[in-house]
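As provided, run25.cif (mmCIF, C-alpha atoms) reads as follows.
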data_run
#
loop_
_atom_site.label_atom_id
_atom_site.label_comp_id
_atom_site.auth_asym_id
_atom_site.auth_seq_id
_atom_site.Cartn_x
_atom_site.Cartn_y
_atom_site.Cartn_z
CA SER W 241 14.11 -9.02 -17.88
CA GLY W 242 15.04 -12.67 -17.92
CA GLU W 243 12.67 -15.56 -17.42
CA GLY W 244 11.44 -15.68 -13.84
CA ALA W 245 12.76 -12.20 -13.06
CA GLN W 246 10.57 -9.83 -11.08
CA PRO W 247 9.04 -7.21 -13.41
CA VAL W 248 9.78 -3.56 -12.80
CA GLY W 249 7.03 -2.24 -10.52
CA TRP W 250 4.94 0.91 -10.75
CA ALA W 251 7.38 3.00 -8.68
CA GLN W 252 10.19 2.50 -11.16
CA ARG W 253 7.78 2.83 -14.09
CA LEU W 254 6.65 6.22 -12.84
CA ALA W 255 10.27 7.34 -13.03
CA GLN W 256 10.92 5.79 -16.42
CA ARG W 257 7.76 6.95 -18.15
CA TYR W 258 6.86 10.25 -16.52
CA GLY W 259 10.24 11.87 -15.95
CA MET W 260 10.20 11.41 -12.20
CA VAL W 261 13.15 10.56 -10.01
CA SER W 262 12.18 7.73 -7.69
CA GLU W 263 13.67 5.90 -4.76
CA ASN W 264 12.17 2.58 -3.77
CA VAL W 265 13.04 1.53 -0.21
CA ALA W 266 10.26 -1.06 0.06
CA GLN W 267 11.00 -4.67 0.97
CA LYS W 268 8.76 -7.35 -0.50
CA GLY W 269 6.62 -9.24 1.97
CA TRP W 270 7.07 -7.03 5.04
CA ALA W 271 4.22 -6.31 7.44
CA LEU W 272 2.67 -3.33 9.22
CA THR W 273 2.44 -4.97 12.63
CA ASN W 274 5.12 -6.51 14.82
CA LYS W 275 3.55 -9.95 14.37
CA GLU W 276 6.29 -10.95 11.90
CA THR W 277 3.76 -12.39 9.48
CA SER W 278 6.40 -12.59 6.78
CA GLY W 279 9.32 -13.66 8.92
CA ARG W 280 10.97 -10.39 7.96
CA SER W 281 10.25 -7.05 9.59
CA GLN W 282 8.00 -4.00 9.74
CA ILE W 283 7.34 -1.53 6.94
CA VAL W 284 7.85 1.47 9.23
CA THR W 285 11.54 0.60 9.58
CA GLN W 286 11.95 1.11 5.82
CA LEU W 287 11.69 4.87 6.40
CA ASN W 288 15.21 4.69 7.80
CA ASN W 289 16.51 3.61 4.39
CA ALA W 290 15.44 6.81 2.61
CA LYS W 291 18.48 8.61 1.22
CA GLN W 292 16.96 12.09 1.00
CA SER W 293 15.57 14.34 3.70
CA THR W 294 12.74 15.63 1.52
CA TYR W 295 10.60 14.35 -1.34
CA ASP W 296 7.73 15.68 -3.43
CA PHE W 297 5.76 12.47 -2.80
CA VAL W 298 6.07 9.63 -0.34
CA ILE W 299 3.93 6.68 -1.37
CA LEU W 300 3.02 4.10 1.26
CA GLU W 301 1.66 0.62 0.68
CA GLY W 302 1.12 -2.24 3.09
CA GLY W 303 -1.27 -4.29 5.17
CA VAL W 304 -2.19 -7.23 2.97
CA ASN W 305 0.33 -9.50 4.66
CA ASP W 306 -1.19 -8.57 8.01
CA VAL W 307 -4.78 -9.29 7.01
CA ARG W 308 -3.72 -12.64 5.56
CA ILE W 309 -2.20 -13.70 8.86
CA ASP W 310 -4.95 -16.12 9.86
CA GLN W 311 -4.52 -17.88 6.53
CA ASP W 312 -0.78 -18.41 6.97
CA LYS W 313 -0.67 -22.03 8.03
CA GLN W 314 3.02 -21.60 8.89
CA ASN W 315 1.88 -19.41 11.80
CA PRO W 316 -1.19 -21.24 13.17
CA ASP W 317 -0.93 -19.61 16.59
CA ILE W 318 -0.99 -16.03 15.30
CA THR W 319 -4.35 -14.34 14.90
CA ILE W 320 -5.35 -10.96 13.55
CA ASP W 321 -5.58 -8.15 16.06
CA TRP W 322 -7.37 -5.48 14.03
CA GLY W 323 -7.58 -2.74 16.62
CA THR W 324 -9.60 0.36 15.76
CA ILE W 325 -8.68 3.61 14.04
CA ASN W 326 -8.12 6.30 16.66
CA GLU W 327 -9.81 9.57 15.70
CA ASP W 328 -7.10 11.54 17.52
CA PRO W 329 -4.19 12.03 15.08
CA ASN W 330 -1.92 12.98 17.97
CA ALA W 331 -2.49 9.81 19.97
CA THR W 332 0.15 7.18 20.68
CA PHE W 333 -0.30 4.19 18.40
CA SER W 334 0.54 0.56 19.13
CA ASP W 335 2.19 -1.50 16.41
CA ASN W 336 0.79 -4.81 17.67
CA ASN W 337 -2.54 -4.30 15.87
CA ILE W 338 -3.28 -3.36 12.28
CA ALA W 339 -5.02 -0.05 12.92
CA GLY W 340 -2.35 1.18 15.31
CA ALA W 341 0.53 0.09 13.10
CA MET W 342 -1.08 1.73 10.08
CA GLN W 343 -1.52 5.02 11.93
CA ASP W 344 1.97 4.77 13.39
CA LEU W 345 3.41 4.40 9.87
CA ILE W 346 1.51 7.44 8.62
CA VAL W 347 2.44 9.62 11.60
CA LYS W 348 6.12 8.71 11.44
CA THR W 349 6.15 9.36 7.68
CA GLN W 350 4.59 12.78 8.22
CA ALA W 351 7.13 13.60 10.92
CA LYS W 352 10.10 12.48 8.82
CA PHE W 353 8.93 14.14 5.58
CA PRO W 354 6.75 17.10 6.61
CA ASN W 355 6.87 18.78 3.20
CA ALA W 356 5.98 15.72 1.14
CA LYS W 357 2.58 14.84 -0.28
CA ILE W 358 1.91 11.44 1.28
CA VAL W 359 -0.28 8.94 -0.54
CA TYR W 360 -1.38 5.48 0.61
CA ILE W 361 -1.79 2.87 -2.12
CA ILE W 362 -4.57 0.38 -1.40
CA ASN W 363 -3.51 -2.88 -2.97
CA HIS W 364 -5.55 -4.19 -5.89
CA TYR W 365 -5.08 -7.79 -4.77
CA TYR W 366 -7.75 -9.45 -2.68
CA GLY W 367 -5.31 -11.94 -1.27
CA ALA W 368 -7.14 -12.60 1.98
CA THR W 369 -10.77 -13.42 2.61
CA GLU W 370 -13.26 -10.98 1.13
CA THR W 371 -14.28 -9.84 4.61
CA ASN W 372 -10.71 -9.22 5.71
CA MET W 373 -9.89 -7.30 2.56
CA LYS W 374 -12.99 -5.12 2.89
CA ASN W 375 -11.97 -4.36 6.47
CA TYR W 376 -8.43 -3.52 5.31
CA VAL W 377 -9.68 -1.13 2.60
CA ALA W 378 -12.04 0.62 5.01
CA MET W 379 -9.30 0.90 7.62
CA VAL W 380 -6.81 2.50 5.20
CA LYS W 381 -9.41 5.05 4.12
CA ALA W 382 -10.29 5.87 7.73
CA ALA W 383 -6.62 6.26 8.70
CA CYS W 384 -5.98 8.54 5.73
CA ARG W 385 -8.97 10.68 6.70
CA VAL W 386 -7.82 11.05 10.31
CA HIS W 387 -4.29 12.04 9.29
CA GLY W 388 -5.22 14.16 6.29
CA ILE W 389 -3.46 12.22 3.56
CA SER W 390 -4.73 10.87 0.25
CA TYR W 391 -5.18 7.30 -0.92
CA ILE W 392 -5.41 5.59 -4.29
CA ASP W 393 -7.66 2.55 -4.12
CA LEU W 394 -6.44 0.14 -6.79
CA SER W 395 -9.09 -2.36 -5.68
CA ASP W 396 -11.87 -0.04 -6.91
CA ALA W 397 -12.59 -1.17 -10.46
CA GLU W 398 -15.66 1.07 -10.55
CA ALA W 399 -13.51 4.17 -10.03
CA TYR W 400 -10.74 2.82 -12.29
CA PRO W 401 -12.31 0.57 -14.95
CA SER W 402 -8.93 -0.03 -16.58
CA LEU W 403 -7.88 -1.98 -13.48
CA GLU W 404 -10.64 -4.58 -13.73
CA PRO W 405 -8.23 -7.26 -15.06
CA LEU W 406 -6.26 -6.81 -11.82
CA THR W 407 -9.23 -6.76 -9.47
CA LYS W 408 -10.65 -9.83 -11.22
CA LYS W 409 -7.24 -11.52 -11.04
CA ASN W 410 -7.02 -12.16 -14.77
CA SER W 411 -4.13 -14.58 -15.26
CA ASP W 412 -2.84 -12.58 -18.23
CA TYR W 413 -2.02 -9.82 -15.74
CA ILE W 414 -1.54 -11.76 -12.48
CA PRO W 415 -0.22 -15.15 -13.58
CA ASP W 416 0.41 -16.50 -10.08
CA ASN W 417 -2.86 -15.10 -8.68
CA LEU W 418 -0.81 -12.79 -6.46
CA HIS W 419 1.86 -10.68 -8.19
CA PRO W 420 1.27 -8.56 -11.32
CA ASN W 421 3.46 -9.17 -14.33
CA ALA W 422 4.68 -6.42 -16.67
CA ALA W 423 1.23 -6.15 -18.28
CA GLY W 424 -0.33 -5.77 -14.83
CA TYR W 425 2.01 -2.95 -13.84
CA ASP W 426 1.29 -1.32 -17.19
CA LEU W 427 -2.34 -1.04 -16.05
CA SER W 428 -1.74 0.38 -12.57
CA THR W 429 1.07 2.84 -13.36
CA PRO W 430 -0.98 5.31 -15.47
CA VAL W 431 -3.74 5.31 -12.85
CA ILE W 432 -1.27 6.23 -10.11
CA ALA W 433 0.38 8.87 -12.31
CA THR W 434 -2.97 10.49 -13.07
CA GLN W 435 -3.93 10.58 -9.40
CA LEU W 436 -0.58 12.11 -8.42
CA ARG W 437 -1.17 14.86 -10.99
CA LYS W 438 -4.61 15.47 -9.48
CA LEU W 439 -3.08 15.64 -6.03
CA VAL W 440 -0.71 18.39 -7.18
CA SER W 441 -3.49 20.32 -8.88
CA GLY W 442 -5.85 19.95 -5.93
CA GLU W 443 -8.34 17.78 -7.83
CA LEU W 444 -7.71 14.65 -5.73
CA VAL W 445 -9.98 15.05 -2.73
CA ASP W 446 -10.77 11.74 -1.09
CA VAL W 447 -10.08 12.33 2.60
#
Give the structure from this file in C-alpha cells form.
Amino acid sequence: SGEGAQPVGWAQRLAQRYGMVSENVAQKGWALTNKETSGRSQIVTQLNNAKQSTYDFVILEGGVNDVRIDQDKQNPDITIDWGTINEDPNATFSDNNIAGAMQDLIVKTQAKFPNAKIVYIINHYYGATETNMKNYVAMVKAACRVHGISYIDLSDAEAYPSLEPLTKKNSDYIPDNLHPNAAGYDLSTPVIATQLRKLVSGELVDV
C-alpha cells in the first residue's frame, strides 16, 4: 500500500492467509447507539449491506466509539448512557444506550444469519478511560453470555501474550496510538484465526 494508505485489516488477512472468503461490510468510526458519536450512523444498519443470506461466521466489533463519547469535545452535550445488560434474550432492546444497542445488534445478527457462528471481537485498544473500557469489556462478555455467542478479547494480553504490543500501545504496532499498522494486524490475525478454529472444533467455550 502507498504511504498513508490504510493497511489491510484482519478480516481481509483471514481471507488472504487462511483460504477463507470474506466480506467486510463494516464502516470505520460507526457507533452502536443512536447517539451519532461519529457523525455517521449505527453499526446495526451495516447488516443490510451483506450480500449473502448465509455465512459460516459473522464477526461483530463495536462499542469503543460509544464509550469514548464523553471524551469527544466536539459533542460536549452528549453523555454516556450505559444501560444494563438484560438477562432475557427475548426482550426488546433500546438502541439509545450501550447495553441495549449491543444486545440489539446481536439479536438482529442472529435473526438475519441463524446458521452462522457469531463472534464478537473485543477491541484491543483502550481508547477511552480505563474505567470506561473495563465496563465495555465486561458488558460485551455479559451480552455474549446472555445470547449464547462467543467473543475474542483482544484486550486480554494474559490470554494472548502475543498481543501485548497492541494492548500496551507500542508505537511500532500502533503508530498513531489508535489504529494498528500492518505489523499490528499481523499480530491480531493469527489469534483470531486460531480462535475461529477452536470455535468450529468446540474448544472455544467462553460464554
Please evaluate the PyMOL selection byres ((chain W and resi 359) around 12) against the structure above and give the resulting residues as a PyMOL selection string. chain W and resi 296-302+345-346+349-350+356-358+360-362+380-381+383-385+387-393+432-433+435-436+438-440+444-447
Residue list as a PyMOL selection string for point (-9.6, 4.8, 18.0), cut-off 12 Å, all atoms listed in the file: chain W and resi 322-334+337-340+343+379+382-383+386
Report, as lines of an AutoDock Vina configuration file, the axis-aligned box around all atoms of range 385-399 of chain W present in the file, extended by 5 Å on each side; give centre and edge lengths in Å to one decimal place.
center_x = -9.6
center_y = 5.9
center_z = -0.1
size_x = 22.2
size_y = 26.5
size_z = 30.9
What is the distance, in Å and to one decimal place, between CA of Gly259 in chain W and CA of Leu427 in chain W?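 Interatomic distance, CA of Gly259 in chain W to CA of Leu427 in chain W: 18.0 Å.
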Pick the closest to Pro430 in chain W from W:Ile414, W:Val307, W:Leu403, W:Met342: which is it, counting all atoms listed in the file?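 Going through W:Ile414, W:Val307, W:Leu403, W:Met342 one by one, the smallest distance to Pro430 in chain W is for W:Leu403.
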Considering only C-alpha atoms, can you say which of W:Thr294, W:Thr371, W:Ser428, W:Ser395 comes closest to Ala251 in chain W? W:Ser428
Spell out the residues picked by the PyMOL selection byres ((chain W and resi 270) around 7) here, as a list in words. Gln267, Lys268, Gly269, Ala271, Ser278, Arg280, Ser281, Gln282 and Ile283 of chain W
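Between CA of Glu398 in chain W and CA of Ile320 in chain W the interatomic distance comes to 28.8 Å.
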Could you write out as number ranges by chain the residues that the PyMOL selection byres ((chain W and resi 253) around 12) matches in the shown file? W: 247-252, 254-264, 422-433
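Among the candidates W:His364, W:Lys348, W:Lys291, W:Val284, the one nearest to Tyr413 in chain W when counting only C-alpha atoms is W:His364.
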Show which residues sit within 6 Å of Ala341 in chain W, as number ranges by chain. Count only C-alpha atoms, and ignore same-chain residues fewer than 5 positions away. W: 272-273, 335
Rounded to one decimal, what separation in Å do you get between CA of Ala397 in chain W and CA of Asn305 in chain W?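 A separation of 21.6 Å between them.
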Nearest to Thr369 in chain W among W:Ser441, W:Asn355, W:Arg308, W:Ala399, with distances taken over all atoms listed in the file: which residue is it? W:Arg308
Rank W:Asn421, W:Thr319, W:Asn288, W:Asn372 by their smallest atom-to-atom distance to Leu406 in chain W, using only C-alpha atoms, and report the top residue only. W:Asn421
Can you sort out range 422-433 of chain W so it carries all heavy atoms, written as a PDB file, in the coordinates of the input?
ATOM      1  N   ALA W 422       4.448  -7.717 -16.024  1.00  0.00           N
ATOM      2  CA  ALA W 422       4.680  -6.420 -16.670  1.00  0.00           C
ATOM      3  C   ALA W 422       3.373  -5.822 -17.187  1.00  0.00           C
ATOM      4  O   ALA W 422       3.130  -4.614 -17.053  1.00  0.00           O
ATOM      5  CB  ALA W 422       5.684  -6.585 -17.805  1.00  0.00           C
ATOM      6  N   ALA W 423       2.512  -6.651 -17.758  1.00  0.00           N
ATOM      7  CA  ALA W 423       1.230  -6.150 -18.280  1.00  0.00           C
ATOM      8  C   ALA W 423       0.365  -5.606 -17.137  1.00  0.00           C
ATOM      9  O   ALA W 423      -0.351  -4.610 -17.305  1.00  0.00           O
ATOM     10  CB  ALA W 423       0.499  -7.274 -19.010  1.00  0.00           C
ATOM     11  N   GLY W 424       0.434  -6.240 -15.984  1.00  0.00           N
ATOM     12  CA  GLY W 424      -0.330  -5.770 -14.830  1.00  0.00           C
ATOM     13  C   GLY W 424       0.150  -4.414 -14.343  1.00  0.00           C
ATOM     14  O   GLY W 424      -0.656  -3.513 -14.061  1.00  0.00           O
ATOM     15  N   TYR W 425       1.462  -4.251 -14.245  1.00  0.00           N
ATOM     16  CA  TYR W 425       2.010  -2.950 -13.840  1.00  0.00           C
ATOM     17  C   TYR W 425       1.738  -1.871 -14.881  1.00  0.00           C
ATOM     18  O   TYR W 425       1.614  -0.694 -14.550  1.00  0.00           O
ATOM     19  CB  TYR W 425       3.503  -3.068 -13.555  1.00  0.00           C
ATOM     20  CG  TYR W 425       3.814  -3.740 -12.241  1.00  0.00           C
ATOM     21  CD1 TYR W 425       4.549  -4.924 -12.195  1.00  0.00           C
ATOM     22  CD2 TYR W 425       3.377  -3.191 -11.039  1.00  0.00           C
ATOM     23  CE1 TYR W 425       4.838  -5.543 -10.989  1.00  0.00           C
ATOM     24  CE2 TYR W 425       3.667  -3.803  -9.825  1.00  0.00           C
ATOM     25  CZ  TYR W 425       4.391  -4.982  -9.810  1.00  0.00           C
ATOM     26  OH  TYR W 425       4.672  -5.587  -8.608  1.00  0.00           O
ATOM     27  N   ASP W 426       1.639  -2.288 -16.155  1.00  0.00           N
ATOM     28  CA  ASP W 426       1.290  -1.320 -17.190  1.00  0.00           C
ATOM     29  C   ASP W 426      -0.113  -0.762 -16.992  1.00  0.00           C
ATOM     30  O   ASP W 426      -0.408   0.349 -17.425  1.00  0.00           O
ATOM     31  CB  ASP W 426       1.383  -1.978 -18.582  1.00  0.00           C
ATOM     32  CG  ASP W 426       2.806  -2.071 -19.094  1.00  0.00           C
ATOM     33  OD1 ASP W 426       3.673  -1.350 -18.567  1.00  0.00           O
ATOM     34  OD2 ASP W 426       3.050  -2.879 -20.010  1.00  0.00           O
ATOM     35  N   LEU W 427      -0.995  -1.522 -16.340  1.00  0.00           N
ATOM     36  CA  LEU W 427      -2.340  -1.040 -16.050  1.00  0.00           C
ATOM     37  C   LEU W 427      -2.359  -0.076 -14.866  1.00  0.00           C
ATOM     38  O   LEU W 427      -3.020   0.963 -14.911  1.00  0.00           O
ATOM     39  CB  LEU W 427      -3.273  -2.214 -15.758  1.00  0.00           C
ATOM     40  CG  LEU W 427      -3.610  -3.163 -16.910  1.00  0.00           C
ATOM     41  CD1 LEU W 427      -4.587  -4.229 -16.428  1.00  0.00           C
ATOM     42  CD2 LEU W 427      -4.194  -2.408 -18.097  1.00  0.00           C
ATOM     43  N   SER W 428      -1.644  -0.429 -13.796  1.00  0.00           N
ATOM     44  CA  SER W 428      -1.740   0.380 -12.570  1.00  0.00           C
ATOM     45  C   SER W 428      -0.919   1.666 -12.627  1.00  0.00           C
ATOM     46  O   SER W 428      -1.306   2.684 -12.041  1.00  0.00           O
ATOM     47  CB  SER W 428      -1.315  -0.445 -11.354  1.00  0.00           C
ATOM     48  OG  SER W 428       0.014  -0.906 -11.471  1.00  0.00           O
ATOM     49  N   THR W 429       0.200   1.663 -13.356  1.00  0.00           N
ATOM     50  CA  THR W 429       1.070   2.840 -13.360  1.00  0.00           C
ATOM     51  C   THR W 429       0.390   4.104 -13.874  1.00  0.00           C
ATOM     52  O   THR W 429       0.489   5.154 -13.231  1.00  0.00           O
ATOM     53  CB  THR W 429       2.356   2.547 -14.152  1.00  0.00           C
ATOM     54  OG1 THR W 429       3.031   1.434 -13.566  1.00  0.00           O
ATOM     55  CG2 THR W 429       3.291   3.756 -14.139  1.00  0.00           C
ATOM     56  N   PRO W 430      -0.324   4.075 -15.005  1.00  0.00           N
ATOM     57  CA  PRO W 430      -0.980   5.310 -15.470  1.00  0.00           C
ATOM     58  C   PRO W 430      -2.045   5.814 -14.508  1.00  0.00           C
ATOM     59  O   PRO W 430      -2.242   7.030 -14.382  1.00  0.00           O
ATOM     60  CB  PRO W 430      -1.603   4.897 -16.810  1.00  0.00           C
ATOM     61  CG  PRO W 430      -0.872   3.689 -17.236  1.00  0.00           C
ATOM     62  CD  PRO W 430      -0.470   2.983 -15.988  1.00  0.00           C
ATOM     63  N   VAL W 431      -2.732   4.909 -13.827  1.00  0.00           N
ATOM     64  CA  VAL W 431      -3.740   5.310 -12.850  1.00  0.00           C
ATOM     65  C   VAL W 431      -3.082   6.082 -11.709  1.00  0.00           C
ATOM     66  O   VAL W 431      -3.549   7.151 -11.297  1.00  0.00           O
ATOM     67  CB  VAL W 431      -4.494   4.074 -12.298  1.00  0.00           C
ATOM     68  CG1 VAL W 431      -5.329   4.450 -11.086  1.00  0.00           C
ATOM     69  CG2 VAL W 431      -5.374   3.477 -13.386  1.00  0.00           C
ATOM     70  N   ILE W 432      -1.975   5.559 -11.209  1.00  0.00           N
ATOM     71  CA  ILE W 432      -1.270   6.230 -10.110  1.00  0.00           C
ATOM     72  C   ILE W 432      -0.729   7.572 -10.573  1.00  0.00           C
ATOM     73  O   ILE W 432      -0.840   8.587  -9.872  1.00  0.00           O
ATOM     74  CB  ILE W 432      -0.142   5.322  -9.573  1.00  0.00           C
ATOM     75  CG1 ILE W 432      -0.741   4.056  -8.951  1.00  0.00           C
ATOM     76  CG2 ILE W 432       0.715   6.069  -8.550  1.00  0.00           C
ATOM     77  CD1 ILE W 432       0.274   2.980  -8.620  1.00  0.00           C
ATOM     78  N   ALA W 433      -0.162   7.616 -11.774  1.00  0.00           N
ATOM     79  CA  ALA W 433       0.380   8.870 -12.310  1.00  0.00           C
ATOM     80  C   ALA W 433      -0.704   9.930 -12.418  1.00  0.00           C
ATOM     81  O   ALA W 433      -0.502  11.097 -12.047  1.00  0.00           O
ATOM     82  CB  ALA W 433       1.037   8.617 -13.663  1.00  0.00           C
TER      83      ALA W 433
END
